[in-house]
$ cat input25.cif   # mmCIF, C-alpha atoms and all ligand atoms
data_upload
loop_
_atom_site.label_atom_id
_atom_site.label_comp_id
_atom_site.auth_asym_id
_atom_site.auth_seq_id
_atom_site.Cartn_x
_atom_site.Cartn_y
_atom_site.Cartn_z
CA MET A 232 -35.38 -1.41 14.41
CA ILE A 233 -32.08 -0.82 12.60
CA ARG A 234 -30.50 2.49 13.55
CA ASP A 235 -29.72 4.78 10.60
CA PRO A 236 -26.09 5.79 11.27
CA PHE A 237 -26.36 8.64 8.74
CA ALA A 238 -29.52 10.32 10.06
CA SER A 239 -27.60 13.05 11.90
CA ARG A 240 -25.75 13.99 8.70
CA ARG A 241 -29.02 15.23 7.18
CA ASP A 242 -29.83 17.42 10.16
CA SER A 243 -29.40 20.84 8.50
CA THR A 244 -31.39 23.16 6.26
CA PRO A 245 -30.03 23.70 2.73
CA PRO A 246 -29.70 27.32 1.53
CA ALA A 247 -31.76 28.54 -1.45
CA ASP A 248 -28.69 28.34 -3.70
CA ALA A 249 -27.64 24.84 -2.59
CA ALA A 250 -27.61 23.52 -6.16
CA ALA A 251 -25.32 26.32 -7.36
CA ARG A 252 -22.98 25.76 -4.43
CA ARG A 253 -22.79 22.05 -5.22
CA ALA A 254 -22.04 22.85 -8.88
CA ALA A 255 -18.76 24.65 -8.10
CA PRO A 256 -16.00 23.13 -10.24
CA ALA A 257 -13.74 20.48 -8.71
CA VAL A 258 -10.08 21.52 -8.58
CA ILE A 259 -7.28 18.97 -8.26
CA CYS A 260 -5.62 19.64 -4.88
CA TYR A 261 -2.13 18.61 -5.92
CA PRO A 262 -1.54 18.85 -9.68
CA THR A 263 1.41 16.50 -10.27
CA HIS A 264 2.77 17.78 -13.59
CA THR A 265 5.54 19.57 -11.67
CA LEU A 266 6.59 16.43 -9.73
CA PRO A 267 10.01 15.14 -10.77
CA ALA A 268 8.94 12.38 -13.17
CA PRO A 269 10.55 8.94 -12.99
CA ASP A 270 12.38 8.01 -16.21
CA MET A 271 10.15 5.04 -16.99
CA ALA A 272 12.03 4.20 -20.21
CA ALA A 273 15.26 3.82 -18.21
CA TYR A 274 13.47 1.71 -15.59
CA ARG A 275 11.96 -0.47 -18.33
CA ALA A 276 15.40 -0.99 -19.90
CA ALA A 277 16.88 -1.99 -16.54
CA ARG A 278 13.99 -4.44 -16.02
CA GLU A 279 15.18 -6.33 -19.11
CA THR A 280 18.39 -7.26 -17.26
CA LEU A 281 17.00 -8.49 -13.92
CA SER A 282 18.34 -11.52 -12.07
CA ALA A 283 16.44 -12.98 -9.09
CA ARG A 284 18.61 -12.85 -5.96
CA GLU A 285 16.20 -13.94 -3.25
CA THR A 286 12.64 -15.18 -2.97
CA ILE A 287 10.52 -15.30 0.16
CA VAL A 288 7.07 -16.81 0.50
CA VAL A 289 4.73 -15.14 2.97
CA PRO A 290 2.39 -17.76 4.44
CA PRO A 291 -1.35 -17.03 4.65
CA ARG A 292 -2.35 -14.98 7.75
CA GLU A 293 1.32 -14.20 8.43
CA ALA A 294 3.85 -11.56 7.36
CA GLY A 295 7.46 -11.57 6.23
CA CYS A 296 10.30 -9.04 5.97
CA PHE A 297 12.65 -8.44 3.04
CA GLU A 298 15.42 -5.98 2.21
CA VAL A 299 16.04 -4.36 -1.16
CA PRO A 300 19.15 -2.28 -1.91
CA ALA A 301 18.61 1.09 -3.61
CA GLY A 302 18.75 0.58 -7.38
CA TRP A 303 17.31 -2.95 -7.28
CA PHE A 304 13.74 -4.11 -7.89
CA PHE A 305 11.22 -6.26 -6.03
CA ARG A 306 8.12 -8.08 -7.22
CA ILE A 307 5.07 -9.15 -5.20
CA ARG A 308 3.38 -12.07 -6.96
CA SER A 309 0.16 -13.95 -6.46
CA ILE A 310 0.73 -17.70 -6.26
CA GLU A 311 -1.76 -20.53 -5.77
CA GLY A 312 -4.88 -18.36 -5.44
CA PRO A 313 -6.33 -14.84 -5.06
CA GLN A 314 -4.80 -13.04 -2.12
CA VAL A 315 -4.47 -9.47 -0.89
CA GLY A 316 -1.24 -8.17 0.66
CA ASP A 317 -0.66 -5.31 3.10
CA LEU A 318 2.70 -3.62 2.54
CA ASN A 319 4.79 -1.46 4.89
CA LEU A 320 8.02 0.17 3.71
CA PHE A 321 10.87 1.59 5.79
CA ASN A 322 14.18 3.22 4.99
CA ALA A 323 16.41 0.24 5.85
CA ARG A 324 19.03 2.62 7.30
CA ASP A 325 16.65 4.64 9.47
CA ARG A 326 13.21 3.24 10.22
CA SER A 327 11.93 6.65 11.35
CA GLU A 328 11.51 7.26 7.60
CA ARG A 329 8.54 5.23 6.46
CA PHE A 330 5.82 5.05 3.83
CA TYR A 331 3.25 7.88 4.00
CA SER A 332 0.10 6.47 2.46
CA GLY A 333 -1.94 9.65 3.05
CA LYS A 334 0.39 11.91 1.07
CA THR A 335 0.85 9.24 -1.61
CA ARG A 336 -2.96 9.25 -1.95
CA ALA A 337 -3.08 13.07 -2.10
CA LEU A 338 -0.49 13.08 -4.90
CA HIS A 339 -1.42 10.04 -7.00
CA GLY A 340 -5.05 9.27 -6.10
CA THR A 341 -6.83 6.57 -4.15
CA HIS A 342 -5.26 3.67 -6.08
CA ILE A 343 -1.77 3.48 -7.57
CA SER A 344 -0.20 1.71 -10.52
CA THR A 345 2.70 1.88 -12.97
CA GLY A 346 4.60 5.18 -12.84
CA ASP A 347 3.28 6.13 -9.39
CA ARG A 348 5.57 6.39 -6.40
CA LEU A 349 5.41 5.50 -2.74
CA TRP A 350 6.41 8.60 -0.76
CA SER A 351 7.96 8.82 2.69
CA GLY A 352 6.80 11.05 5.54
CA PHE A 353 8.05 14.44 6.70
CA PRO A 354 10.60 15.90 6.73
CA ARG A 355 12.03 13.89 3.85
CA LEU A 356 8.96 13.42 1.63
CA ARG A 357 10.82 11.60 -1.13
CA PRO A 358 10.09 8.60 -3.34
CA MET A 359 10.89 5.34 -1.54
CA ALA A 360 9.81 3.15 -4.45
CA THR A 361 8.38 3.52 -7.94
CA ILE A 362 5.88 1.07 -9.43
CA VAL A 363 7.41 -0.21 -12.66
CA HIS A 364 4.93 -2.91 -13.71
CA ASP A 365 1.38 -3.86 -12.78
CA THR A 366 -0.29 -6.83 -14.47
CA LEU A 367 -3.64 -5.62 -13.07
CA ALA A 368 -3.41 -2.20 -14.73
CA TRP A 369 -6.15 -3.40 -17.15
CA TYR A 370 -8.74 -3.26 -14.33
CA GLY A 371 -9.08 0.53 -14.23
CA ILE A 372 -12.09 1.86 -12.30
CA ASP A 373 -15.17 -0.39 -12.28
CA ALA A 374 -18.88 0.53 -12.23
CA ASP A 375 -18.91 0.66 -8.39
CA GLY A 376 -15.94 3.05 -8.38
CA GLY A 377 -13.67 0.20 -7.27
CA ALA A 378 -10.03 -0.16 -8.31
CA VAL A 379 -6.97 -2.17 -7.20
CA HIS A 380 -3.89 -1.38 -5.06
CA ASP A 381 -5.37 1.22 -2.73
CA VAL A 382 -3.81 3.73 -0.38
CA ILE A 383 -7.13 4.44 1.35
CA GLY A 384 -7.47 1.48 3.70
CA THR A 385 -5.30 1.36 6.79
CA ARG A 386 -4.70 -2.33 7.60
CA CYS A 387 -6.98 -4.75 9.38
CA ASP A 388 -6.23 -4.75 13.10
CA PRO A 389 -7.46 -6.36 16.31
CA TYR A 390 -8.47 -3.06 17.92
CA THR A 391 -10.99 -1.95 15.29
CA HIS A 392 -12.27 -5.52 15.16
CA HIS A 393 -12.83 -5.44 18.93
CA LEU A 394 -14.43 -1.98 18.76
CA LEU A 395 -16.97 -3.14 16.18
CA SER A 396 -17.66 -6.69 17.27
CA GLY A 397 -16.73 -6.74 20.94
CA GLY A 398 -15.13 -10.11 20.30
CA ASP A 399 -11.71 -11.30 21.35
CA ASN A 400 -8.70 -9.74 19.70
CA TYR A 401 -7.83 -11.58 16.50
CA HIS A 402 -4.06 -11.72 16.25
CA HIS A 403 -3.65 -12.70 12.62
CA CYS A 404 -4.87 -9.33 11.38
CA CYS A 405 -2.39 -7.58 9.09
CA HIS A 406 -1.44 -5.13 11.86
CA SER A 407 -0.52 -8.00 14.19
CA ASN A 408 1.24 -9.96 11.43
CA LEU A 409 3.30 -6.92 10.40
CA THR A 410 4.20 -6.19 14.04
CA ARG A 411 5.35 -9.73 14.76
CA ALA A 412 7.39 -9.91 11.54
CA LEU A 413 9.15 -6.60 12.30
CA ALA A 414 9.85 -7.74 15.86
CA ARG A 415 11.40 -10.98 14.56
CA HIS A 416 13.46 -9.11 11.97
CA THR A 417 14.80 -6.52 14.40
CA GLY A 418 15.15 -8.83 17.41
CA GLN A 419 13.06 -6.42 19.49
CA PRO A 420 9.98 -7.10 21.63
CA VAL A 421 6.62 -6.70 19.90
CA ALA A 422 5.72 -3.80 22.22
CA ASN A 423 8.78 -1.84 21.08
CA VAL A 424 8.02 -1.99 17.35
CA GLU A 425 4.20 -1.97 17.22
CA ALA A 426 4.03 1.84 16.86
CA GLU A 427 6.29 1.66 13.78
CA ILE A 428 3.65 -0.23 11.82
CA HIS A 429 1.90 2.25 9.56
CA ASP A 430 -0.88 2.56 7.01
CA VAL A 431 -0.26 0.30 4.06
CA LEU A 432 -0.37 -0.08 0.33
CA ASN A 433 -3.13 -2.66 -0.14
CA VAL A 434 -1.56 -4.77 -2.87
CA PHE A 435 -4.11 -6.49 -5.17
CA MET A 436 -7.04 -5.34 -2.99
CA CYS A 437 -10.09 -4.01 -4.87
CA THR A 438 -11.73 -1.17 -2.98
CA GLY A 439 -13.57 2.11 -3.27
CA PHE A 440 -16.08 4.34 -1.53
CA THR A 441 -19.83 3.78 -1.83
CA ARG A 442 -21.53 6.53 -3.83
CA ASP A 443 -24.47 6.98 -1.43
CA THR A 444 -22.73 6.92 1.96
CA GLY A 445 -19.04 7.41 1.10
CA GLN A 446 -18.11 4.28 3.04
CA TYR A 447 -14.99 2.24 2.38
CA PHE A 448 -15.90 -0.96 0.55
CA MET A 449 -14.04 -4.00 -0.70
CA LYS A 450 -14.91 -6.56 -3.34
CA ALA A 451 -13.31 -9.74 -4.68
CA SER A 452 -9.80 -9.02 -5.92
CA PRO A 453 -9.40 -9.69 -9.66
CA VAL A 454 -5.87 -11.04 -9.01
CA ARG A 455 -5.01 -14.44 -10.50
CA PRO A 456 -1.95 -16.61 -9.81
CA GLY A 457 0.93 -15.18 -11.81
CA ASP A 458 -0.22 -11.57 -11.48
CA PHE A 459 2.37 -9.28 -9.94
CA LEU A 460 3.15 -5.72 -8.88
CA GLU A 461 6.79 -4.71 -9.36
CA PHE A 462 8.70 -1.85 -7.73
CA PHE A 463 12.02 -0.07 -8.15
CA ALA A 464 13.76 0.71 -4.83
CA GLU A 465 14.72 4.40 -4.83
CA ILE A 466 16.38 4.03 -1.40
CA ASP A 467 17.57 1.05 0.67
CA LEU A 468 14.30 -0.55 1.74
CA LEU A 469 13.03 -2.79 4.47
CA GLY A 470 9.67 -4.16 3.34
CA VAL A 471 7.12 -5.98 5.48
CA LEU A 472 4.28 -7.79 3.72
CA SER A 473 1.24 -9.44 5.32
CA ALA A 474 -0.94 -11.99 3.52
CA CYS A 475 -4.27 -10.57 4.76
CA PRO A 476 -6.65 -12.91 6.64
CA GLY A 477 -9.33 -11.57 4.27
CA GLY A 478 -7.85 -13.68 1.41
CA ASP A 479 -9.25 -12.09 -1.77
CA CYS A 480 -11.30 -9.74 0.50
CA SER A 481 -14.58 -10.72 -1.17
CA SER A 482 -16.50 -11.16 2.07
CA THR A 483 -14.79 -10.85 5.44
CA HIS A 484 -11.51 -10.26 7.22
CA SER A 485 -10.22 -10.23 10.81
CA SER A 486 -11.11 -13.91 11.26
CA ASP A 487 -10.14 -17.38 10.09
CA ALA A 488 -13.23 -17.59 7.85
CA ALA A 489 -11.83 -16.50 4.46
CA ARG A 490 -9.83 -18.78 2.16
CA CYS A 491 -6.23 -17.51 2.13
CA HIS A 492 -3.15 -18.11 0.00
CA PRO A 493 0.56 -17.29 0.23
CA LEU A 494 2.25 -14.37 -1.53
CA GLU A 495 5.74 -14.42 -3.05
CA VAL A 496 8.30 -11.60 -2.93
CA THR A 497 11.30 -11.73 -5.26
CA ILE A 498 14.29 -9.42 -4.93
CA LEU A 499 15.77 -8.63 -8.36
CA GLU A 500 19.13 -7.14 -9.28
CA PRO A 501 19.62 -5.32 -12.61
CA GLN A 502 22.95 -5.56 -14.47
CA ALA A 503 23.27 -1.81 -13.88
CA PRO A 504 20.99 0.78 -12.25
CA PRO A 505 18.66 2.61 -14.65
CA ALA A 506 20.53 5.13 -16.83
CA GLY A 507 20.64 8.55 -15.20
CA TRP A 508 19.43 7.30 -11.80
CA ARG A 509 21.55 8.15 -8.77
CA SER A 510 21.24 6.59 -5.36
CA PRO A 511 20.19 9.24 -2.82
CA HIS A 512 22.45 7.46 -0.32
CA MET A 513 25.49 8.46 -2.38
CA ASN A 514 24.93 12.19 -2.70
CA GLY A 515 23.75 12.95 0.83
CA TYR A 516 20.32 13.99 -0.43
CA ASP A 517 18.37 15.19 2.57
CA ARG A 518 15.70 17.87 2.71
CA SER A 519 15.09 18.01 6.46
CA HIS A 520 14.67 21.54 7.71
CA GLY A 521 16.32 21.31 11.11
CA MET A 522 13.17 22.14 13.06
ZN ZN A 601 -5.56 -7.37 6.33
#
$ encode --input "input25.cif" --output "structure tokens" --more "lines below"
Ligand SMILES: [Zn+2]
Amino acid sequence: MIRDPFASRRDSTPPADAAARRAAPAVICYPTHTLPAPDMAAYRAARETLSARETIVVPPREAGCFEVPAGWFFRIRSIEGPQVGDLNLFNARDRSERFYSGKTRALHGTHISTGDRLWSGFPRLRPMATIVHDTLAWYGIDADGGAVHDVIGTRCDPYTHHLLSGGDNYHHCCHSNLTRALARHTGQPVANVEAEIHDVLNVFMCTGFTRDTGQYFMKASPVRPGDFLEFFAEIDLLGVLSACPGGDCSSTHSSDAARCHPLEVTILEPQAPPAGWRSPHMNGYDRSHGM
């Protein structure tokens, strides 16, 4: 007999006014109209002047590191076939400042696209990067509630895989790939940098939550070769990108079963930074509270 993992959730008696309680209006937790808005027209104008300075190709089931100076752009592109990427971002000058996917989700929603920003953790809580172009913006939200580029998944990892399957640790999960790439880049042992790997932006991944059980689901990514997601670096960035062993994440991950493809990262320099934009590294911008 298959165990019903949700049986215990139904183990309570609804009150007489349950329907009225459920009908309370939903209120947006973090209205974003007061957030400092990126000047997208200035970013778009700067995009017209980009020159490619460096290109790296991340092999399937591996990860690679790249650096982007504040005021430049970077583009993650699908090449050869549908592929999902797991992205970590660090302040290149101080890796204790890193991407905070949970707060990014609270501010911008479960999936992010053009005009949304990738925020860093406390105490800085500032934009690390701004999405300036997304060729998959057409996808929107599908009938299952799925959308692309999520900040709800964490990253596939050998520990959860072992917990669920009991099998051997699979060391080409995104967590392992990101850890090894950061160790190589910094010249430190894997054990020293593993705890720096954090929850990701799932680039090109199509995900959502099931309506009936609220479980995290994935479905085949709509990405095609040539599709890209492009970012503006608000601060000096160290990026780490894993080409997920799930490939297009249509069926499975955490194994060698799925068909996988490389991903390309291009570092792009504008002729001049966007009009009105100032590098936070130049004006000593820092909001830490000295706790
Ligand atoms: Zn993965």
$ residues_near_ligand --input "input25.cif" --ligand "ligand ZN 601 (chain A)" --cutoff "7 Å" --atoms "only C-alpha atoms and all ligand atoms" --output "list of chain:residue names"
A:Asp317, A:Arg386, A:Cys387, A:Cys404, A:Cys405, A:Cys475, A:Pro476, A:Gly477, A:His484
$ residues_around --input "input25.cif" --residues "region 486-500 of chain A" --least-positions-apart "5" --cutoff "9 Å" --atoms "only C-alpha atoms" --output "number ranges by chain"
A: 278, 280-293, 297-300, 302-316, 401-404, 472-481
$ closest_residue --input "input25.cif" --among "A:Ser327, A:Thr335, A:Ser482, A:Thr366" --to "Arg455 (chain A)" --atoms "only C-alpha atoms"
A:Thr366
$ closest_residue --input "input25.cif" --among "A:Asp467, A:Asp248, A:Asp399, A:Glu328" --to "Ala301 (chain A)" --atoms "only C-alpha atoms"
A:Asp467
$ axis_aligned_box --input "input25.cif" --around "region 269-277 of chain A" --padding-each-side "3 Å" --output "AutoDock Vina command-line options"
--center_x 13.5 --center_y 3.5 --center_z -16.6 --size_x 12.7 --size_y 16.9 --size_z 13.2
$ atom_distance --input "input25.cif" --atom1 "CA of Arg442 (chain A)" --atom2 "CA of Cys260 (chain A)"
20.6 Å
$ atom_distance --input "input25.cif" --atom1 "CA of Gly470 (chain A)" --atom2 "CA of Leu338 (chain A)"
21.6 Å
$ atom_distance --input "input25.cif" --atom1 "CA of Val454 (chain A)" --atom2 "CA of Thr385 (chain A)"
20.1 Å
$ closest_residue --input "input25.cif" --among "A:Ser396, A:Thr391, A:Ser239, A:Asn433" --to "Leu460 (chain A)" --atoms "only C-alpha atoms"
A:Asn433
$ residues_near_point --input "input25.cif" --point "(-13.9, -7.8, -6.1)" --cutoff "10 Å" --atoms "all atoms listed in the file" --output "PyMOL selection string"
chain A and resi 373+377-379+435-438+448-454+479-482
$ closest_residue --input "input25.cif" --among "A:Ile343, A:Ala238, A:Leu318, A:Ala503" --to "Val363 (chain A)" --atoms "only C-alpha atoms"
A:Ile343
$ closest_residue --input "input25.cif" --among "A:Arg415, A:Asp365, A:Gly445, A:Gly457" --to "Asp347 (chain A)" --atoms "only C-alpha atoms"
A:Asp365
$ closest_residue --input "input25.cif" --among "A:Pro420, A:Pro389, A:Gly384, A:Gly439" --to "Ser407 (chain A)" --atoms "only C-alpha atoms"
A:Pro389
$ build_atoms --input "input25.cif" --residues "region 346-359 of chain A" --atoms "N, CA and C atoms" --output "mmCIF file, in the frame of the given file"
data_model
loop_
_atom_site.group_PDB
_atom_site.id
_atom_site.type_symbol
_atom_site.label_atom_id
_atom_site.label_comp_id
_atom_site.auth_asym_id
_atom_site.auth_seq_id
_atom_site.Cartn_x
_atom_site.Cartn_y
_atom_site.Cartn_z
ATOM 1 N N GLY A 346 4.187 3.786 -12.720
ATOM 2 C CA GLY A 346 4.600 5.180 -12.840
ATOM 3 C C GLY A 346 4.375 5.974 -11.558
ATOM 4 N N ASP A 347 3.518 5.448 -10.665
ATOM 5 C CA ASP A 347 3.280 6.130 -9.390
ATOM 6 C C ASP A 347 4.365 5.741 -8.392
ATOM 7 N N ARG A 348 4.499 6.606 -7.365
ATOM 8 C CA ARG A 348 5.570 6.390 -6.400
ATOM 9 C C ARG A 348 5.013 6.275 -4.997
ATOM 10 N N LEU A 349 5.761 5.607 -4.152
ATOM 11 C CA LEU A 349 5.410 5.500 -2.740
ATOM 12 C C LEU A 349 6.316 6.472 -1.991
ATOM 13 N N TRP A 350 5.681 7.492 -1.373
ATOM 14 C CA TRP A 350 6.410 8.600 -0.760
ATOM 15 C C TRP A 350 6.601 8.367 0.721
ATOM 16 N N SER A 351 7.708 8.919 1.255
ATOM 17 C CA SER A 351 7.960 8.820 2.690
ATOM 18 C C SER A 351 7.421 10.055 3.407
ATOM 19 N N GLY A 352 7.358 9.971 4.729
ATOM 20 C CA GLY A 352 6.800 11.050 5.540
ATOM 21 C C GLY A 352 7.751 12.216 5.718
ATOM 22 N N PHE A 353 7.263 13.236 6.441
ATOM 23 C CA PHE A 353 8.050 14.440 6.700
ATOM 24 C C PHE A 353 9.181 14.121 7.679
ATOM 25 N N PRO A 354 10.326 14.763 7.604
ATOM 26 C CA PRO A 354 10.600 15.900 6.730
ATOM 27 C C PRO A 354 11.162 15.492 5.367
ATOM 28 N N ARG A 355 11.348 14.215 5.102
ATOM 29 C CA ARG A 355 12.030 13.890 3.850
ATOM 30 C C ARG A 355 11.104 14.004 2.646
ATOM 31 N N LEU A 356 9.920 13.403 2.738
ATOM 32 C CA LEU A 356 8.960 13.420 1.630
ATOM 33 C C LEU A 356 9.671 13.180 0.294
ATOM 34 N N ARG A 357 10.126 11.948 0.119
ATOM 35 C CA ARG A 357 10.820 11.600 -1.130
ATOM 36 C C ARG A 357 10.326 10.234 -1.592
ATOM 37 N N PRO A 358 10.531 9.909 -2.862
ATOM 38 C CA PRO A 358 10.090 8.600 -3.340
ATOM 39 C C PRO A 358 10.916 7.494 -2.675
ATOM 40 N N MET A 359 10.217 6.520 -2.082
ATOM 41 C CA MET A 359 10.890 5.340 -1.540
ATOM 42 C C MET A 359 10.960 4.252 -2.609
#
